[in-house]
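Dropping start.txt in here (compact mmCIF, C-alpha atoms):
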# COMPACT_ATOMS: atom_id res chain seq x y z
CA MET A 256 -8.57 16.17 -7.65
CA GLY A 257 -9.57 16.88 -4.06
CA ALA A 258 -7.52 20.08 -3.78
CA ASN A 259 -9.30 23.06 -2.26
CA LEU A 260 -8.76 26.71 -1.42
CA PRO A 261 -10.64 29.58 0.26
CA VAL A 262 -12.74 31.92 -1.88
CA ASP A 263 -12.36 35.49 -0.68
CA VAL A 264 -14.50 37.26 -3.31
CA ASP A 265 -18.30 37.48 -3.39
CA ARG A 266 -18.90 36.85 -7.10
CA VAL A 267 -17.20 34.04 -8.99
CA ARG A 268 -17.60 32.28 -12.31
CA LEU A 269 -17.08 28.55 -12.85
CA GLU A 270 -15.98 28.13 -16.47
CA LEU A 271 -15.80 24.84 -18.38
CA GLY A 272 -13.39 24.73 -21.31
CA ARG A 273 -11.91 22.24 -23.72
CA ALA A 274 -9.22 22.05 -26.37
CA ASP A 275 -11.08 19.85 -28.87
CA GLY A 276 -13.85 17.30 -29.25
CA PRO A 277 -17.60 17.44 -28.67
CA ALA A 278 -19.12 20.50 -27.02
CA VAL A 279 -19.63 20.25 -23.27
CA SER A 280 -22.64 21.49 -21.29
CA ALA A 281 -22.44 23.02 -17.83
CA ALA A 282 -25.06 23.00 -15.09
CA ALA A 283 -25.08 23.79 -11.39
CA LEU A 284 -26.91 22.06 -8.56
CA LEU A 285 -27.69 24.03 -5.40
CA LEU A 286 -27.38 21.58 -2.51
CA THR A 287 -28.33 21.56 1.15
CA GLY A 288 -26.01 20.39 3.91
CA ALA A 289 -27.31 16.86 3.28
CA GLY A 290 -26.03 17.04 -0.31
CA ARG A 291 -29.49 17.13 -1.87
CA VAL A 292 -31.47 19.60 -3.95
CA ARG A 293 -34.71 20.93 -2.47
CA SER A 294 -36.60 20.93 -5.78
CA GLY A 295 -36.15 21.26 -9.52
CA ALA A 296 -35.62 24.99 -9.00
CA ASP A 297 -32.16 24.17 -7.62
CA LEU A 298 -30.96 23.24 -11.10
CA VAL A 299 -29.27 25.95 -13.17
CA ALA A 300 -28.61 25.08 -16.83
CA ARG A 301 -28.84 26.63 -20.31
CA ASP A 302 -32.60 25.97 -20.45
CA GLN A 303 -33.11 27.10 -16.83
CA PRO A 304 -30.63 29.92 -16.50
CA GLY A 305 -31.21 31.24 -12.97
CA ALA A 306 -31.94 30.17 -9.38
CA SER A 307 -32.23 31.72 -5.89
CA GLY A 308 -33.16 35.12 -7.24
CA ASP A 309 -30.42 34.95 -9.89
CA ALA A 310 -27.73 34.38 -7.24
CA VAL A 311 -26.66 31.56 -9.57
CA ARG A 312 -26.86 32.12 -13.33
CA HIS A 313 -25.89 30.15 -16.41
CA VAL A 314 -23.74 32.28 -18.74
CA ALA A 315 -21.54 31.92 -21.83
CA THR A 316 -17.83 32.74 -21.81
CA PRO A 317 -16.21 34.95 -24.47
CA ASP A 318 -14.77 31.87 -26.23
CA GLY A 319 -18.17 30.16 -26.56
CA ALA A 320 -17.86 27.74 -23.65
CA GLU A 321 -20.45 27.43 -20.86
CA ALA A 322 -20.13 28.73 -17.34
CA VAL A 323 -22.05 29.39 -14.13
CA GLU A 324 -21.78 32.67 -12.26
CA VAL A 325 -22.40 32.64 -8.51
CA ASP A 326 -23.05 35.54 -6.15
CA LEU A 327 -21.95 33.86 -2.93
CA ALA A 328 -23.16 36.70 -0.71
CA ALA A 329 -26.69 36.40 -2.14
CA LEU A 330 -27.09 32.65 -1.61
CA PRO A 331 -29.59 31.63 1.10
CA ASP A 332 -28.25 29.97 4.24
CA SER A 333 -29.93 26.71 3.21
CA THR A 334 -27.56 26.40 0.23
CA GLU A 335 -24.41 24.79 1.57
CA ARG A 336 -22.86 23.69 -1.74
CA VAL A 337 -22.97 24.63 -5.41
CA ALA A 338 -21.81 21.71 -7.58
CA LEU A 339 -20.77 22.38 -11.18
CA CYS A 340 -21.65 19.47 -13.47
CA ALA A 341 -20.46 18.73 -17.01
CA TRP A 342 -21.74 16.38 -19.69
CA THR A 343 -21.83 15.94 -23.43
CA GLY A 344 -24.60 14.84 -25.75
CA SER A 345 -22.09 13.19 -28.11
CA GLY A 346 -20.76 9.99 -26.57
CA THR A 347 -18.39 9.97 -23.62
CA LEU A 348 -16.36 12.76 -22.11
CA GLY A 349 -13.27 10.73 -23.01
CA ARG A 350 -13.64 12.16 -26.53
CA VAL A 351 -13.12 15.66 -25.13
CA THR A 352 -9.47 16.74 -24.97
CA GLY A 353 -8.15 19.41 -22.65
CA LEU A 354 -11.27 19.47 -20.47
CA ARG A 355 -10.74 22.02 -17.74
CA LEU A 356 -12.50 24.03 -15.06
CA ARG A 357 -11.50 27.55 -14.08
CA LEU A 358 -12.64 29.46 -11.02
CA VAL A 359 -12.63 33.16 -11.94
CA ALA A 360 -13.33 36.31 -9.93
CA ALA A 361 -16.35 37.69 -11.80
CA GLY A 362 -15.44 41.34 -11.32
CA SER A 363 -11.75 41.38 -12.19
CA GLY A 364 -11.48 38.25 -14.35
CA THR A 365 -8.63 36.98 -12.16
CA VAL A 366 -8.22 33.19 -12.37
CA LEU A 367 -8.37 31.88 -8.80
CA ALA A 368 -7.97 28.19 -9.60
CA HIS A 369 -7.46 25.96 -12.63
CA PHE A 370 -8.31 22.25 -12.71
CA ASP A 371 -7.45 19.96 -15.64
CA MET A 372 -9.50 16.76 -16.01
CA ALA A 373 -8.96 13.63 -18.08
CA PRO A 374 -12.25 11.66 -18.16
CA ARG A 375 -12.46 8.33 -19.96
CA SER A 376 -15.73 6.42 -20.26
CA GLU A 377 -17.81 8.82 -18.16
CA THR A 378 -20.76 10.58 -19.75
CA ALA A 379 -21.13 13.17 -16.98
CA LEU A 380 -19.14 14.40 -14.02
CA VAL A 381 -19.09 16.77 -11.07
CA ALA A 382 -16.17 18.99 -12.02
CA GLY A 383 -15.92 21.10 -8.86
CA GLU A 384 -17.91 22.62 -6.04
CA LEU A 385 -18.21 25.73 -3.91
CA TYR A 386 -19.04 24.92 -0.28
CA ARG A 387 -19.37 26.60 3.09
CA ARG A 388 -16.95 25.79 5.90
CA GLU A 389 -17.29 27.57 9.25
CA GLY A 390 -19.13 30.48 7.67
CA ARG A 391 -16.70 30.96 4.77
CA TRP A 392 -16.80 29.77 1.19
CA ARG A 393 -14.23 27.41 -0.29
CA PHE A 394 -13.72 25.75 -3.67
CA ARG A 395 -12.83 22.10 -4.21
CA ALA A 396 -11.74 20.29 -7.38
CA VAL A 397 -13.86 17.11 -7.60
CA GLY A 398 -13.65 15.46 -11.04
CA GLN A 399 -15.92 12.50 -10.17
CA GLY A 400 -17.55 10.80 -13.15
CA TYR A 401 -20.85 9.07 -13.86
CA ASP A 402 -21.65 6.48 -16.50
CA HIS A 403 -25.38 7.26 -16.88
CA GLY A 404 -25.30 10.80 -18.14
CA PHE A 405 -26.57 13.95 -16.50
CA ALA A 406 -29.86 12.32 -15.50
CA GLY A 407 -28.02 9.66 -13.47
CA LEU A 408 -25.78 12.26 -11.87
CA ALA A 409 -28.70 14.51 -10.96
CA ALA A 410 -30.68 11.61 -9.50
CA ASP A 411 -27.86 10.98 -7.00
CA PHE A 412 -28.48 14.48 -5.65
CA GLY A 413 -32.25 14.00 -5.39
CA LEU A 414 -33.25 15.52 -8.75
CA THR A 415 -35.12 13.91 -11.62
CA PRO A 416 -34.68 16.66 -14.20
CA ALA A 417 -36.60 17.36 -17.34
CA PRO A 418 -34.60 16.51 -20.45
CA VAL A 419 -31.76 18.96 -20.95
CA ARG A 420 -30.79 19.82 -24.49
CA ALA A 421 -27.44 18.72 -25.83
CA PRO A 422 -24.90 21.52 -26.23
CA ARG A 423 -24.83 23.51 -29.44
CA PRO A 424 -21.68 23.04 -31.51
CA GLY A 425 -19.37 26.02 -31.33
CA PRO A 426 -15.81 27.04 -32.08
CA ALA A 427 -13.10 25.13 -30.28
CA PRO A 428 -11.75 27.07 -27.31
CA ARG A 429 -8.14 28.19 -27.09
CA PRO A 430 -5.68 25.64 -25.66
CA ALA A 431 -5.74 25.35 -21.89
CA PRO A 432 -3.12 27.28 -19.91
CA PRO A 433 -0.75 25.28 -17.67
CA ALA A 434 -2.37 23.76 -14.60
CA ARG A 435 -2.01 25.71 -11.38
CA PRO A 436 -0.14 24.03 -8.52
CA GLN A 437 -2.13 22.14 -5.93
CA THR A 438 -3.33 24.19 -3.01
CA ARG A 439 -2.75 22.19 0.15
CA GLY A 440 0.98 21.51 0.14
CA GLU A 441 0.85 18.28 -1.86
CA GLU A 442 3.38 19.78 -4.25
CA LEU A 443 5.87 19.86 -1.35
CA LEU A 444 5.93 16.08 -1.00
CA PRO A 445 8.84 14.01 -2.32
CA ALA A 446 8.11 12.89 -5.87
CA ASP A 447 7.55 9.21 -5.01
CA MET A 448 5.27 9.99 -2.08
CA GLY A 449 3.34 12.53 -4.16
CA GLU A 450 2.80 9.94 -6.90
CA ARG A 451 1.56 7.39 -4.35
CA LEU A 452 -0.81 9.94 -2.85
CA SER A 453 -2.22 10.90 -6.25
CA LEU A 454 -2.87 7.29 -7.23
CA ARG A 455 -4.37 6.45 -3.85
CA LYS A 456 -6.76 9.40 -4.03
CA GLN A 457 -8.09 7.97 -7.28
CA GLN A 458 -8.48 4.56 -5.64
CA VAL A 459 -10.31 6.09 -2.67
CA ALA A 460 -12.64 7.86 -5.13
CA THR A 461 -13.31 4.55 -6.90
CA SER A 462 -14.14 2.82 -3.61
CA LEU A 463 -16.55 5.61 -2.68
CA ARG A 464 -18.15 5.45 -6.11
CA LYS A 465 -18.79 1.74 -5.61
CA GLY A 466 -20.77 2.71 -2.51
CA GLY A 467 -22.76 5.28 -4.47
CA LEU A 468 -20.86 8.29 -3.15
CA THR A 469 -19.25 11.03 -5.22
CA GLY A 470 -18.28 14.48 -4.09
CA VAL A 471 -18.85 13.60 -0.43
CA THR A 472 -16.98 15.65 2.17
CA ALA A 473 -16.16 14.45 5.68
CA ARG A 474 -13.86 15.20 8.57
CA VAL A 475 -11.34 12.36 8.93
CA ILE A 476 -9.76 11.36 12.26
CA LEU A 477 -6.99 8.76 12.65
CA VAL A 478 -6.50 6.71 15.85
CA LEU A 479 -3.38 4.55 16.30
CA ASP A 480 -2.91 1.87 18.96
CA ALA A 481 0.47 2.34 20.71
CA SER A 482 0.15 -0.44 23.29
CA GLY A 483 3.11 -2.68 24.04
CA SER A 484 2.03 -5.46 21.69
CA MET A 485 2.16 -3.01 18.77
CA SER A 486 5.92 -2.41 19.12
CA GLY A 487 6.82 -4.91 16.38
CA LEU A 488 4.47 -3.28 13.87
CA TYR A 489 5.98 0.13 14.64
CA ALA A 490 9.53 -1.23 14.36
CA LYS A 491 8.82 -2.75 10.93
CA GLY A 492 7.34 0.52 9.68
CA THR A 493 3.89 -1.05 9.22
CA VAL A 494 2.08 1.61 11.26
CA ALA A 495 3.82 4.44 9.40
CA ARG A 496 2.81 2.90 6.08
CA VAL A 497 -0.79 2.55 7.29
CA ALA A 498 -0.82 6.22 8.32
CA GLU A 499 0.50 7.25 4.91
CA ARG A 500 -2.25 5.23 3.20
CA MET A 501 -4.88 6.88 5.41
CA ALA A 502 -3.60 10.33 4.43
CA ALA A 503 -5.07 9.66 0.97
CA VAL A 504 -8.53 9.23 2.53
CA ALA A 505 -8.24 12.62 4.22
CA ALA A 506 -6.80 14.14 1.03
CA LEU A 507 -9.94 13.19 -0.89
CA LEU A 508 -12.66 13.41 1.77
CA ASP A 509 -11.59 16.23 4.05
CA ASP A 510 -12.16 19.66 2.56
CA ASP A 511 -8.84 21.07 3.77
CA GLY A 512 -6.83 17.85 3.53
CA THR A 513 -6.01 18.00 7.25
CA MET A 514 -6.46 14.97 9.48
CA GLN A 515 -6.75 15.01 13.27
CA ALA A 516 -4.98 12.13 15.00
CA TRP A 517 -4.74 10.37 18.35
CA THR A 518 -2.51 7.69 19.80
CA PHE A 519 -3.43 5.59 22.81
CA ALA A 520 -2.51 2.76 25.14
CA THR A 521 -3.23 3.07 28.87
CA ARG A 522 -4.03 6.73 28.22
CA PRO A 523 -4.94 8.64 25.06
CA ALA A 524 -2.92 11.50 23.62
CA ARG A 525 -3.84 13.82 20.79
CA LEU A 526 -1.17 14.15 18.12
CA PRO A 527 -0.55 17.31 16.08
CA ASP A 528 -2.82 17.60 13.06
CA LEU A 529 -1.52 15.92 9.92
CA HIS A 530 -1.16 18.42 7.03
CA LEU A 531 -0.49 16.81 3.67
CA GLY A 532 2.57 18.88 2.82
CA GLN A 533 4.20 17.82 6.11
CA LEU A 534 3.46 14.11 5.75
CA PRO A 535 7.08 12.73 5.78
CA GLU A 536 8.05 14.76 8.83
CA TRP A 537 4.76 13.98 10.60
CA LEU A 538 5.29 10.25 10.14
CA ARG A 539 8.84 10.50 11.45
CA LEU A 540 7.97 12.57 14.51
CA HIS A 541 4.59 11.26 15.59
CA VAL A 542 4.13 7.60 14.60
CA ARG A 543 5.83 6.19 17.67
CA VAL A 544 5.21 3.52 20.30
CA GLY A 545 5.70 3.68 24.08
CA GLN A 546 9.22 3.85 25.50
CA LEU A 547 9.87 0.91 27.80
CA GLY A 548 12.89 -0.97 29.06
CA VAL A 549 13.29 -4.72 28.72
CA ILE A 550 11.80 -5.46 32.14
CA GLY A 551 8.98 -2.95 31.97
CA ARG A 552 10.81 0.05 33.41
CA LYS A 553 10.40 3.35 31.64
CA LYS A 554 13.41 4.35 29.60
CA ARG A 555 15.23 7.54 30.38
CA PRO A 556 13.45 10.46 28.75
CA LYS A 557 14.62 11.49 25.31
CA SER A 558 14.60 15.02 23.99
CA ARG A 559 11.47 15.72 21.97
CA ALA A 560 10.70 17.94 19.03
CA ASP A 561 8.00 20.58 19.35
CA GLY A 562 4.58 18.97 19.51
CA GLN A 563 5.84 15.44 20.12
CA VAL A 564 3.97 13.43 22.72
CA ASP A 565 5.99 11.98 25.59
CA MET A 566 5.14 8.38 24.81
CA ARG A 567 6.15 7.28 28.32
CA THR A 568 2.97 8.94 29.57
CA VAL A 569 0.81 6.91 27.18
CA GLY A 570 1.65 3.58 28.83
CA ILE A 571 1.38 0.07 27.38
CA GLN A 572 -2.11 -1.35 28.09
CA ASN A 573 -5.26 -1.36 25.95
CA GLU A 574 -7.82 1.22 27.07
CA GLU A 575 -9.77 1.88 23.88
CA GLN A 576 -12.73 3.38 25.71
CA LYS A 577 -10.64 6.33 26.89
CA VAL A 578 -9.54 7.42 23.43
CA ILE A 579 -13.09 6.88 22.09
CA ALA A 580 -14.33 9.24 24.79
CA ASP A 581 -11.59 11.75 23.91
CA VAL A 582 -12.51 11.75 20.22
CA ARG A 583 -16.23 12.07 21.04
CA ALA A 584 -15.48 15.10 23.22
CA TYR A 585 -13.42 16.68 20.44
CA VAL A 586 -16.23 16.24 17.90
CA ARG A 587 -18.76 17.76 20.31
CA ASP A 588 -16.47 20.71 21.11
CA HIS A 589 -15.54 21.33 17.45
CA PRO A 590 -18.80 20.93 15.50
CA VAL A 591 -18.73 21.12 11.70
CA PRO A 592 -21.59 20.69 9.20
CA LEU A 593 -20.00 17.46 7.99
CA PRO A 594 -20.00 13.81 8.97
CA THR A 595 -16.89 12.55 10.77
CA LEU A 596 -15.12 9.32 9.78
CA VAL A 597 -12.85 7.80 12.45
CA LEU A 598 -10.22 5.35 11.18
CA PHE A 599 -9.19 3.32 14.24
CA PHE A 600 -6.28 0.85 14.05
CA SER A 601 -5.48 -1.71 16.75
CA ASP A 602 -3.85 -5.13 17.04
CA GLY A 603 -6.47 -6.35 19.51
CA GLY A 604 -6.08 -7.47 23.07
CA VAL A 605 -9.39 -5.76 23.82
CA TYR A 606 -10.58 -6.47 27.36
CA ARG A 607 -12.70 -3.42 28.30
CA SER A 608 -15.67 -4.59 26.26
CA LYS A 609 -18.39 -3.24 28.56
CA GLU A 610 -16.81 0.21 28.74
CA ILE A 611 -16.21 0.29 24.96
CA GLU A 612 -19.79 -0.78 24.27
CA ARG A 613 -21.11 1.95 26.55
CA GLU A 614 -19.09 4.63 24.69
CA LEU A 615 -20.06 3.44 21.22
CA ARG A 616 -23.73 3.05 22.11
CA ALA A 617 -23.76 6.62 23.42
CA ALA A 618 -22.09 7.73 20.18
CA ALA A 619 -24.84 6.28 17.95
CA ASP A 620 -26.73 9.61 17.96
CA GLU A 621 -23.60 11.57 17.00
CA PRO A 622 -22.53 12.41 13.40
CA VAL A 623 -19.57 10.03 13.57
CA PHE A 624 -18.87 6.69 11.92
CA TRP A 625 -16.26 4.50 13.65
CA GLN A 626 -14.31 2.21 11.30
CA PHE A 627 -12.14 -0.21 13.29
CA VAL A 628 -9.36 -2.16 11.58
CA GLY A 629 -7.62 -5.07 13.28
CA LEU A 630 -3.93 -5.47 12.48
CA GLY A 631 -3.56 -9.16 13.24
CA ARG A 632 -5.46 -12.07 14.73
CA SER A 633 -5.70 -11.05 18.38
CA HIS A 634 -8.84 -10.86 20.50
CA TYR A 635 -10.97 -7.84 19.50
CA GLY A 636 -13.78 -8.28 21.98
CA VAL A 637 -16.90 -6.19 21.45
CA LEU A 638 -15.51 -4.61 18.28
CA GLU A 639 -16.03 -7.88 16.40
CA TYR A 640 -19.74 -8.10 17.10
CA PHE A 641 -20.78 -4.56 17.99
CA ASP A 642 -22.48 -3.90 14.63
CA THR A 643 -24.92 -6.75 15.35
CA LEU A 644 -26.05 -5.31 18.68
CA PRO A 645 -29.60 -3.86 18.72
CA GLY A 646 -30.86 -0.79 20.50
CA ARG A 647 -29.05 1.96 18.54
CA THR A 648 -30.41 4.74 16.36
CA VAL A 649 -28.10 3.64 13.53
CA ASP A 650 -25.27 1.14 13.09
CA ASN A 651 -22.34 3.50 13.69
CA VAL A 652 -19.48 0.97 13.75
CA GLY A 653 -17.62 -1.08 11.15
CA PHE A 654 -14.90 -3.67 11.79
CA PHE A 655 -12.60 -5.94 9.84
CA ALA A 656 -9.23 -7.54 10.56
CA VAL A 657 -6.30 -8.43 8.31
CA ASP A 658 -3.42 -10.79 9.02
CA ASP A 659 -0.81 -8.60 7.30
CA VAL A 660 -1.98 -5.16 6.19
CA ASP A 661 1.21 -4.64 4.16
CA GLN A 662 0.09 -7.48 1.89
CA VAL A 663 -3.34 -5.96 1.24
CA ALA A 664 -3.33 -3.93 -1.98
CA ASP A 665 -4.62 -0.37 -1.84
CA PRO A 666 -7.82 -1.00 -3.87
CA GLU A 667 -8.85 -3.86 -1.55
CA LEU A 668 -7.94 -1.93 1.60
CA TYR A 669 -9.94 1.14 0.58
CA ASP A 670 -12.89 -0.99 -0.55
CA ARG A 671 -13.04 -2.67 2.86
CA LEU A 672 -12.32 0.54 4.75
CA LEU A 673 -15.10 2.50 3.03
CA SER A 674 -17.74 -0.16 2.38
CA GLU A 675 -19.93 0.60 5.43
CA PHE A 676 -19.46 4.38 5.56
CA PRO A 677 -21.91 5.04 2.67
CA LEU A 678 -24.53 2.81 4.32
CA TRP A 679 -24.17 4.72 7.58
CA LEU A 680 -24.44 8.07 5.78
CA GLY A 681 -27.79 7.11 4.30
CA ALA A 682 -29.14 5.68 7.56
CA ALA A 683 -27.87 8.63 9.60
CA ARG A 684 -29.56 11.13 7.29
CA GLU A 685 -32.83 9.22 7.40
CA ALA A 686 -32.68 9.03 11.20
CA GLY A 687 -31.86 12.74 11.56
CA VAL A 688 -28.39 12.09 13.00
CA LEU A 689 -27.02 14.02 10.01
CA ARG A 690 -28.70 17.13 8.65
Before we go any further, please render this structure as structure tokens.
Amino acid sequence: MGANLPVDVDRVRLELGRADGPAVSAAALLLTGAGRVRSGADLVARDQPGASGDAVRHVATPDGAEAVEVDLAALPDSTERVALCAWTGSGTLGRVTGLRLRLVAAGSGTVLAHFDMAPRSETALVAGELYRREGRWRFRAVGQGYDHGFAGLAADFGLTPAPVRAPRPGPAPRPAPPARPQTRGEELLPADMGERLSLRKQQVATSLRKGGLTGVTARVILVLDASGSMSGLYAKGTVARVAERMAAVAALLDDDGTMQAWTFATRPARLPDLHLGQLPEWLRLHVRVGQLGVIGRKKRPKSRADGQVDMRTVGIQNEEQKVIADVRAYVRDHPVPLPTLVLFFSDGGVYRSKEIERELRAAADEPVFWQFVGLGRSHYGVLEYFDTLPGRTVDNVGFFAVDDVDQVADPELYDRLLSEFPLWLGAAREAGVLR
């Protein structure tokens, strides 16, 4: 779930299959960049077999299952995503064994991706999606379920469909082939870290579902305070553990599983991008605090690995406004048709409140949500009350603080971390900040 890969062929087929249990229906929703259908014509199902001039067609596979064939080159520019949905007219999808999705090259029949799913009480789900990224098509395994059938799923994407017939019974498909390896390097992680990441991705998905979001895609940026007062949290490994937990957010939300990152104190510094398969080494090399002597003198320089920031140049004071400005400039200079979620961790000591307020007010018209997390009980200045300040297009800032983040269980942390992001998404779309 959450894995993705580029699609380098023009015509593909999304095939649903199962080993046993009730028959499963397939349908596709053609979505705009805002994640919504334009009309009922953007639904492709057995009773409505074509859309966009037959660029998307409902078809049957040789073994009697249902599928959707997509001519990516023929899709209009206004179609940014094609979501493949699955549901059954006979109880829950938990009764279906061996439920799987295959991405197949329509011309050659080559299997490009294979995704096994294990639904429980859901009655419908978004199995996977094709989406544009920087002018190219990609595929992402989604696997997000709904408890209110296809009608409830479709309504979340702006469609109130006419009743869709339950699937016709048919012969049971052949057993599913072995699952393909994940596509973004997650299989390279140590076994224990890979297991934690997999579980945390599910917990992130649950937190998003509570906010009414499924299948959402966003660019994720991590910002880590490296001021002098943070040295104890770095020494105890707390900051590294936080960064590992945030990797799960990027793994689920970000379409390529890559997270941009900054560190800051007196000055900001951009860190190398975090790629999931390199997570252990990235934590070891780049989650570091400033190098100071006991009386404030800079330590002698240490040799650095390629890409490591010289932390002596970052300093020790709190200048949040500088890194906020840096991240804003990066987002402007690297536009993507996605919202951006900034996860910003600090232990407080905020004293540049006017400068911070000026940056965040100016950012209210940008497609970025700033989620600040306080790691302790220090003074957080404007961050504590910014979301109550009037005079902004939308409320673009969230904040909460915890006494000991290591004692906060993953489900609670992700619930708090992602509780305001869905609200901002809706408000930003309504205000035209997101398109």
May I have the residues within 6 Å of stretch 504-513 of chain A as a PDB file with C-alpha atoms, keeping the file's coordinate frame, using all atoms listed in the file and disregarding those fewer than 6 positions away in the same chain?
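Saved as selection03.pdb:
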ATOM      1  CA  GLY A 257      -9.570  16.880  -4.060  1.00  0.00           C
ATOM      2  CA  LYS A 456      -6.760   9.400  -4.030  1.00  0.00           C
ATOM      3  CA  THR A 472     -16.980  15.650   2.170  1.00  0.00           C
ATOM      4  CA  ALA A 473     -16.160  14.450   5.680  1.00  0.00           C
ATOM      5  CA  ARG A 474     -13.860  15.200   8.570  1.00  0.00           C
ATOM      6  CA  VAL A 475     -11.340  12.360   8.930  1.00  0.00           C
ATOM      7  CA  LEU A 529      -1.520  15.920   9.920  1.00  0.00           C
ATOM      8  CA  HIS A 530      -1.160  18.420   7.030  1.00  0.00           C
TER       9      HIS A 530
END
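Using all atoms listed in the file for every distance, the candidate list A:His589, A:Arg312, A:Arg522, A:Arg496 yields A:Arg496 as the residue closest to A:Leu538.
Comparing the minimum interatomic distances between A:Pro535 and each of A:Gly467, A:Asp447, A:Arg455, A:Val591, counting only C-alpha atoms, we find that A:Asp447 sits nearest.
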Tell me which protein, DNA and RNA residues are within 12 Å of stretch 320-322 of chain A, counting only C-alpha atoms, leaving out same-chain ones fewer than 5 positions away, and put them as JSON, numbers by chain.
-> {"A": [267, 268, 269, 270, 271, 272, 273, 274, 275, 277, 278, 279, 280, 281, 282, 283, 299, 300, 301, 304, 311, 312, 313, 314, 315, 339, 340, 341, 342, 343, 354, 355, 356, 357, 358, 359, 361, 382, 422, 423, 424, 425, 426, 427, 428, 429]}
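In terms of minimum interatomic distance to A:Val578, A:Ile476 ranks closest within A:Leu284, A:Val628, A:Leu540, A:Ile476, counting all atoms listed in the file.
Shortest atom-to-atom contact with A:Met256 among A:Asp650, A:Asp371, A:Asp326, A:Asp658: A:Asp371, counting all atoms listed in the file.
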May I have the residues within 7 Å of A:Arg336 as an MDAnalysis selection string, using all atoms listed in the file and disregarding those fewer than 2 positions away in the same chain?
-> chainID A and resid 285:287 334 338 384:387
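One finds atom CA of A:Leu479 at 7.9 Å from atom CA of A:Ala516.
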Would you be able to write out as a compact mmCIF listing (two decimals) with C-alpha atoms, in the frame of the given file which residues have an atom within 12 Å of (-12.1, 5.0, -9.3) in the file's coordinates, counting all atoms listed in the file?
# COMPACT_ATOMS: atom_id res chain seq x y z
CA MET A 256 -8.57 16.17 -7.65
CA PRO A 374 -12.25 11.66 -18.16
CA ARG A 375 -12.46 8.33 -19.96
CA SER A 376 -15.73 6.42 -20.26
CA GLU A 377 -17.81 8.82 -18.16
CA GLY A 398 -13.65 15.46 -11.04
CA GLN A 399 -15.92 12.50 -10.17
CA GLY A 400 -17.55 10.80 -13.15
CA TYR A 401 -20.85 9.07 -13.86
CA SER A 453 -2.22 10.90 -6.25
CA LEU A 454 -2.87 7.29 -7.23
CA ARG A 455 -4.37 6.45 -3.85
CA LYS A 456 -6.76 9.40 -4.03
CA GLN A 457 -8.09 7.97 -7.28
CA GLN A 458 -8.48 4.56 -5.64
CA VAL A 459 -10.31 6.09 -2.67
CA ALA A 460 -12.64 7.86 -5.13
CA THR A 461 -13.31 4.55 -6.90
CA SER A 462 -14.14 2.82 -3.61
CA LEU A 463 -16.55 5.61 -2.68
CA ARG A 464 -18.15 5.45 -6.11
CA LYS A 465 -18.79 1.74 -5.61
CA GLY A 466 -20.77 2.71 -2.51
CA GLY A 467 -22.76 5.28 -4.47
CA LEU A 468 -20.86 8.29 -3.15
CA THR A 469 -19.25 11.03 -5.22
CA LEU A 507 -9.94 13.19 -0.89
CA ASP A 665 -4.62 -0.37 -1.84
CA PRO A 666 -7.82 -1.00 -3.87
CA TYR A 669 -9.94 1.14 0.58
CA ASP A 670 -12.89 -0.99 -0.55
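Nearest to A:Val397 of all the residues A:Ala329, A:Val637, A:Leu689, A:Ala258 is A:Ala258, counting only C-alpha atoms.
The residue that comes closest to A:Ala310, out of A:Leu593, A:Glu324, A:Arg395, A:Gly631 and on the basis of all atoms listed in the file, is A:Glu324.
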Where is the centre and how long are the edges: axis-aligned box on stretch 321-338 of chain A, 8 Å on each side, Å to one decimal, as lines of an AutoDock Vina configuration file:
center_x = -25.0
center_y = 29.2
center_z = -8.3
size_x = 25.8
size_y = 31.0
size_z = 41.1
Residues within 12 Å of A:Gln563, only C-alpha atoms, excluding chain neighbours under 3 positions, as a ChimeraX atom specification | /A:517-518,524-528,536-544,557-560,566-568
